[in-house]
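All remarks here apply to the structure that follows.
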Protein chains: 2
Amino acid sequence: MRRSIATVCLSGTLEDKLAAAAAAGFDGIEMFENDLVVSPHAPAEIRRRCADLGLSIDLYQPFRDFEAVPPDVLAANLRRAERKFDVMAELGADMMLVCSSVSPDAVDDDDLAAEQLHLLADRAAARGMRIAYEALAWGRFVDTFDHSWRIVRRGDHPALGLCLDSFHVLSRGTDTAAIRTIPGEKVFFLQLADAPRLHMDVLQWSRHHRLFPGQGAFDLAAFVGHVLSTGYAGPLSLEVFNDVFRQSDPWRAAVDAMRSLLLLEQDRLPPAPALSGHAFTELEVSGPEVANALAAMGFCHAGQHRTKPVQLWRQGAARVLLNEGSGQVSALAVESADPERSMARAAALHAPALTDVSLPGVAAPDGTAVFFCSDGWLEDFPRTGEHEDAGAGLVGTDHVSLTQPFDNFDEAALFYRSVLGLTPELATEFAAPFGLVRSRAVSNVARDVRISLDVALLRRGEWAPGVPEPQHLAFATRDAIASAKEMQARGAPLLAIPDNYYDDLDSRLAPPPDLLAALREYSVLYDRDEHGEFLHFYTDVLGSRVFFEVVQRIDGYAGYGAANAPVRMAAHRRLRLSRG
Amino acid sequence: MRRSIATVCLSGTLEDKLAAAAAAGFDGIEMFENDLVVSPHAPAEIRRRCADLGLSIDLYQPFRDFEAVPPDVLAANLRRAERKFDVMAELGADMMLVCSSVSPDAVDDDDLAAEQLHLLADRAAARGMRIAYEALAWGRFVDTFDHSWRIVRRGDHPALGLCLDSFHVLSRGTDTAAIRTIPGEKVFFLQLADAPRLHMDVLQWSRHHRLFPGQGAFDLAAFVGHVLSTGYAGPLSLEVFNDVFRQSDPWRAAVDAMRSLLLLEQDRLPPAPALSGHAFTELEVSGPEVANALAAMGFCHAGQHRTKPVQLWRQGAARVLLNEGSGQVSALAVESADPERSMARAAALHAPALTDVSLPGVAAPDGTAVFFCSDGWLEDFPRTGEHEDAGAGLVGTDHVSLTQPFDNFDEAALFYRSVLGLTPELATEFAAPFGLVRSRAVSNVARDVRISLDVALLRRGEWAPGVPEPQHLAFATRDAIASAKEMQARGAPLLAIPDNYYDDLDSRLAPPPDLLAALREYSVLYDRDEHGEFLHFYTDVLGSRVFFEVVQRIDGYAGYGAANAPVRMAAHRRLRLSRG
């Protein structure tokens, strides 16, 4: 199917938007009126520019408050429409979106609405154009797709059809199966947007919080299925109003947008090969601080890369590569049943492939390398002969936690969902000492690949510490207290947790006194959910932004201890301040 | 009255919050539990710290989900409460806030709630403590103040009283006059928060969008009046959950908070002397670009400061001072009926007085100097003898427009409201090419002092142009077309507006063809509201961030042409790009 994007989805001038949409591979655009109005380029010039970029102008929008009005208002509205038809003719656009009226001039009269839309369609048809009528979720009288369809049917004109917008339909919670009863040739246009489930005024929800398909809570696949079953053959077109996308790099946002459509048509994508765990995580470090910490945590410098200055540190199935660099998580590697097919899927989803690396991999939105490994990768790391002792009980990697750049949080979740085939978990929000934080993890079904994504709810300013964003690597243990005890004995730089936390924990969750005493002694934190329990502890921040966590999941605890994150953040902050 | 602030209002660690509250002159705090939990300091240590800072701990909060539960849950809840009483005893806090339950364990039984709260109050009283019961607006069964009062009355214990929170009461829109029937000794605590009127889930509204009194839409004065009429003699205490304040400098936020309480008790403030117009606006400039532009706009270099390198440029009653510096609006000056009393009020409101200046003045939140002038200030500027010609029809200053630093938008509106005695107008929001912008003006009754404040809805990142924020000075004319024509003839650097804008204007508002032609010819923009019409035009950005606007208000047009701002922003952006 052809793929389009409304210019309002992207930031910048119209030139920026068109170039970005074309670069991301879109076939067409919806021309959002305001983008044209502020442009210094005449419509004919924009038509040429679009043609040069290989973009069609599939829709001109929005035309508001047209129908079901008294005769004098109708005359004015027709004059207004004719002016817009003039612009459309110059643009080479042959379809106009007409939104259901929110005007105080309108009356609640479907026959009148149908009659006047018929008239408008007649004017449009005279110029080879068509009218796509859309029910806004907050339309004054017409606010559901079935109501707009009744009016279009009654309007009975070949140049009058429906525009279906997933947000307007799904935000109302109406049954969408009735879409299948609409003849496909009367569905003139299909606009797609996802959104998180929010309990707020639908207009504000729509104008600020729409997302690209796959980033929110709507069942877009079912919706599109219904529409396609009618025989609709127009473009899949994105119309997303989002505060973050409005101010972020349009080239990146356009790729994110394209990825959302590709995922929606995922039957055409190479299937995502099964993943089976974190193969390794690579850290760029300067100085011995991280290596010393790993040693004190019971890791062994088990291997050394054949040709590069890269060390393999290992404990159980937890593997960390240390490379020289600026102190951050530079790569995460997952075990793929078929790395080649993983890469094929990634390529189909416009993930930038990495070059000059020895493993197949792509760059995630925050720049982290994501590698797809099969068993063989360890052969590049001959054993050092260093003694691998009993360690401190770590058995593997539980999750990698990456605080995302402010503009790329939803993009990152969609990236991991689509490229790696992971499933987004529920987003959570918590109050950190320096502002609210939103957190969302993506994981595979077996839960042996987990990536946790965090972002500040507002981009941080000068007061709140923010950049560089903290990142961490969480290892799994079967006994957090024993691991903490062993690591403490080995001198690991574990993070001290305040007594106040344990007093509160006693009051809140009342763990058994023995356990509470042990948690307190070893600065282990505790949480509980409807499945089970969670014990976890942290190291200090090592270098500029990386720290480690050790976690023990009991009876299928599903979360990440978000309730305890503020305690950790305050403790880290204190340490940084005390070190100047 | 004593003034308190909940620690949750402020960003940072508990140490930051306490220091900031004390520095701003608060008498006490509400200890928000999470701030204590993440602190490494024992409660007794915090008690000492507060005492050293002159802060009492007026409330410990929140204690959740206590009342109307089965016996086993009650036992657990009492255990939980006893632990918190232990902490409060160490802190030296003698009042605990108990919020109405949202727990699935609770039942809808006022008698049971009252009986269990009585029991809790008994336990508290045994330790010399008291319980303040508060109806959350989203409480499961108890969500109005009158309901909480019925339960407290029925609970009938001297250590059981009410906490009234303005947000929970006013967000429900309930009649507040009934507050006057509550005996003052049963109102244990008063929490104050303002908020904008938003149509959303009340929990989200409360957790993200509260504001300090005077920054939102609630009638806090009437509410406080009702509460004080009961004989309540406890503190006025702020409890504001706000995404921006949570991550902004707590020392500044605490002063903003204190100012909001001082304004609420404004009978004790020196009244704001009447203002009667913009005396002048001062620009710091480097190079001749601004002076040349002013000359081409019909201004005359009319005076020169006696001792400083400051030029007075004048046209009609529009006066601009040019000083050497970094290219920004450095000062705005208003004509005050009594500058000395203006300064006394400003001092009472903790506005930082400027020193080393020849006029009485204070620093606004964004650093702009605000001077209070009487007639005499012009005497410092002897005439240059330069020829003052007919000019280009400018008659005065219409408004000064200052884009605010992201963290200081609400603070700035409250600053101008309280210190200058201006009235905030309705906030508007519009989509600029690089993200949404919120705009709010403050003005005096005569509307001859107007200051327009803008802010990006999200702090700008790398893609969107943002810093330095644009600022501008708008002059008034009685004939915008004639002024534009004259300025164009004189070679002023006027901003060209695209043809597309006029095509759209014709369609939208259909101005008479003659007018439309003139608007188009001279790049004048047009708007209309329920009062009248607005014609306005702009210059290019001169230097890094300042530009001029010329406006003509017809028949009391009240706005600032926000609908046209995106056109201006796109045109400015284009010019900047074309100049590299």
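If you're wondering about the labels, chains in the structure tokens are A, B, ... by order shown, residues count from 1 in each chain, ligands from 1 in order shown.
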Residues within 6 Å of Ser483 of chain A, please, as a VMD selection string. Count only C-alpha atoms; anything in the same chain fewer than 2 positions from it doesn't count. chain A and resid 392 to 393 480 to 481 485 to 486
Taking the DSSP secondary structure from the backbone, can you list the residues of segment 130-251 of chain A that are strand (DSSP E or B), as a PyMOL selection string? chain A and resi 130-134+160-165+187-192+194+200+211+236-238+242
Store the residues picked out above in a file with C-alpha atoms, as a PDB file, in the first residue's frame.
ATOM      1  CA  ARG A 130     -13.233  15.042  -4.069  1.00  0.00           C
ATOM      2  CA  ILE A 131     -14.395  15.655  -0.508  1.00  0.00           C
ATOM      3  CA  ALA A 132     -13.472  13.352   2.391  1.00  0.00           C
ATOM      4  CA  TYR A 133     -15.775  13.980   5.344  1.00  0.00           C
ATOM      5  CA  GLU A 134     -14.446  13.133   8.798  1.00  0.00           C
ATOM      6  CA  LEU A 160     -18.278  12.701  -1.482  1.00  0.00           C
ATOM      7  CA  GLY A 161     -16.769  10.020   0.735  1.00  0.00           C
ATOM      8  CA  LEU A 162     -15.468   9.318   4.201  1.00  0.00           C
ATOM      9  CA  CYS A 163     -12.193  10.001   5.889  1.00  0.00           C
ATOM     10  CA  LEU A 164     -11.634   7.502   8.707  1.00  0.00           C
ATOM     11  CA  ASP A 165      -9.192   8.583  11.405  1.00  0.00           C
ATOM     12  CA  VAL A 187     -13.778   5.319   2.108  1.00  0.00           C
ATOM     13  CA  PHE A 188     -11.772   8.060   0.481  1.00  0.00           C
ATOM     14  CA  PHE A 189      -9.002   8.349   3.016  1.00  0.00           C
ATOM     15  CA  LEU A 190      -7.520   6.578   6.032  1.00  0.00           C
ATOM     16  CA  GLN A 191      -5.635   8.493   8.721  1.00  0.00           C
ATOM     17  CA  LEU A 192      -3.726   6.590  11.367  1.00  0.00           C
ATOM     18  CA  ASP A 194      -2.082   5.695  18.029  1.00  0.00           C
ATOM     19  CA  MET A 200      -8.734  13.706  29.654  1.00  0.00           C
ATOM     20  CA  LEU A 211       1.610   8.695  18.771  1.00  0.00           C
ATOM     21  CA  LEU A 236      -2.115   4.452   4.910  1.00  0.00           C
ATOM     22  CA  SER A 237      -1.546   7.967   6.129  1.00  0.00           C
ATOM     23  CA  LEU A 238      -0.209   9.137   9.478  1.00  0.00           C
ATOM     24  CA  ASN A 242       2.448  15.197  19.447  1.00  0.00           C
TER      25      ASN A 242
END
Chain B near chain A within 6 Å: what's each residue's closest atom pair and its distance in Å to one decimal, counting only C-alpha atoms, ordered by chain then ascending residue number, as a Markdown table?
| residue | atom | partner | partner_atom | distance |
| --- | --- | --- | --- | --- |
| B:Ser11 | CA | A:Phe434 | CA | 5.4 |
| B:Gly12 | CA | A:Pro433 | CA | 5.1 |
| B:Val37 | CA | A:Tyr501 | CA | 4.9 |
| B:Val38 | CA | A:Val567 | CA | 4.7 |
| B:Pro40 | CA | A:Pro498 | CA | 4.7 |
| B:Arg80 | CA | A:Ser507 | CA | 4.7 |
| B:Arg83 | CA | A:Ser507 | CA | 5.9 |
| B:His199 | CA | A:Asp201 | CA | 5.2 |
| B:Met200 | CA | A:Met200 | CA | 3.7 |
| B:Asp201 | CA | A:His199 | CA | 5.2 |
| B:Arg246 | CA | A:Gly435 | CA | 4.8 |
| B:Gln247 | CA | A:Gly435 | CA | 4.5 |
| B:Ser248 | CA | A:Trp463 | CA | 5.7 |
| B:Asp249 | CA | A:Trp463 | CA | 5.3 |
| B:Pro433 | CA | A:Gly12 | CA | 5.1 |
| B:Phe434 | CA | A:Gln247 | CA | 4.9 |
| B:Gly435 | CA | A:Gln247 | CA | 4.5 |
| B:Arg459 | CA | A:Arg459 | CA | 6.0 |
| B:Trp463 | CA | A:Asp249 | CA | 5.3 |
| B:Ala464 | CA | A:Gln247 | CA | 5.7 |
| B:Pro498 | CA | A:Pro40 | CA | 4.7 |
| B:Asn500 | CA | A:Val37 | CA | 4.9 |
| B:Tyr501 | CA | A:Val37 | CA | 4.9 |
| B:Ser507 | CA | A:Arg80 | CA | 4.7 |
| B:Val567 | CA | A:Val38 | CA | 4.7 |
Contacts of Met487 of chain A at 10 Å (only C-alpha atoms; same-chain gap of 3+ positions) as a list in words: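 Near neighbours after the sequence-gap exclusion: Ala293, Leu294, Ala295, Ala296, Met297, Gly298, Gly391, Ala392, Gly393, Ile481, Ala482, Ser483, Ala484, Arg490, Gly491, Ala492, Pro493, Leu494 and Tyr522 of chain A.
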Counting only C-alpha atoms, the option among B:Asp338, B:Arg553, B:Arg383, B:Ser166 closest to Gly225 of chain B: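 Checking each candidate against Gly225 of chain B, we get B:Ser166 as the closest.
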Can you list, as an MDAnalysis selection string, every protein, DNA or RNA residue that comes within 6 Å of segment 409-420 of chain A when you count only C-alpha atoms, leaving out same-chain residues fewer than 3 positions away? chainID A and resid 215 256 346 365 404 423
Could you pull out the residues in segment 13-211 of chain A that DSSP calls helix (DSSP H, G or I) from the backbone, as a PyMOL selection string? chain A and resi 14-23+33-37+43-53+71-91+110-126+145-155+166-170+177-181+184-186+202-209
For atom CA of Met343 of chain A and atom CA of Gln315 of chain A, the interatomic separation in Å (one decimal): 28.6 Å
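Minimum distance to Thr7 of chain A across A:Ala233, A:Val310, A:Ala291, A:Ala254 (counting only C-alpha atoms) occurs at A:Ala254.
Take the candidates A:Gly532, A:Pro104, A:Pro512, A:Gly396 and check each one against Arg450 of chain A using only C-alpha atoms; the shortest distance goes to A:Gly396.
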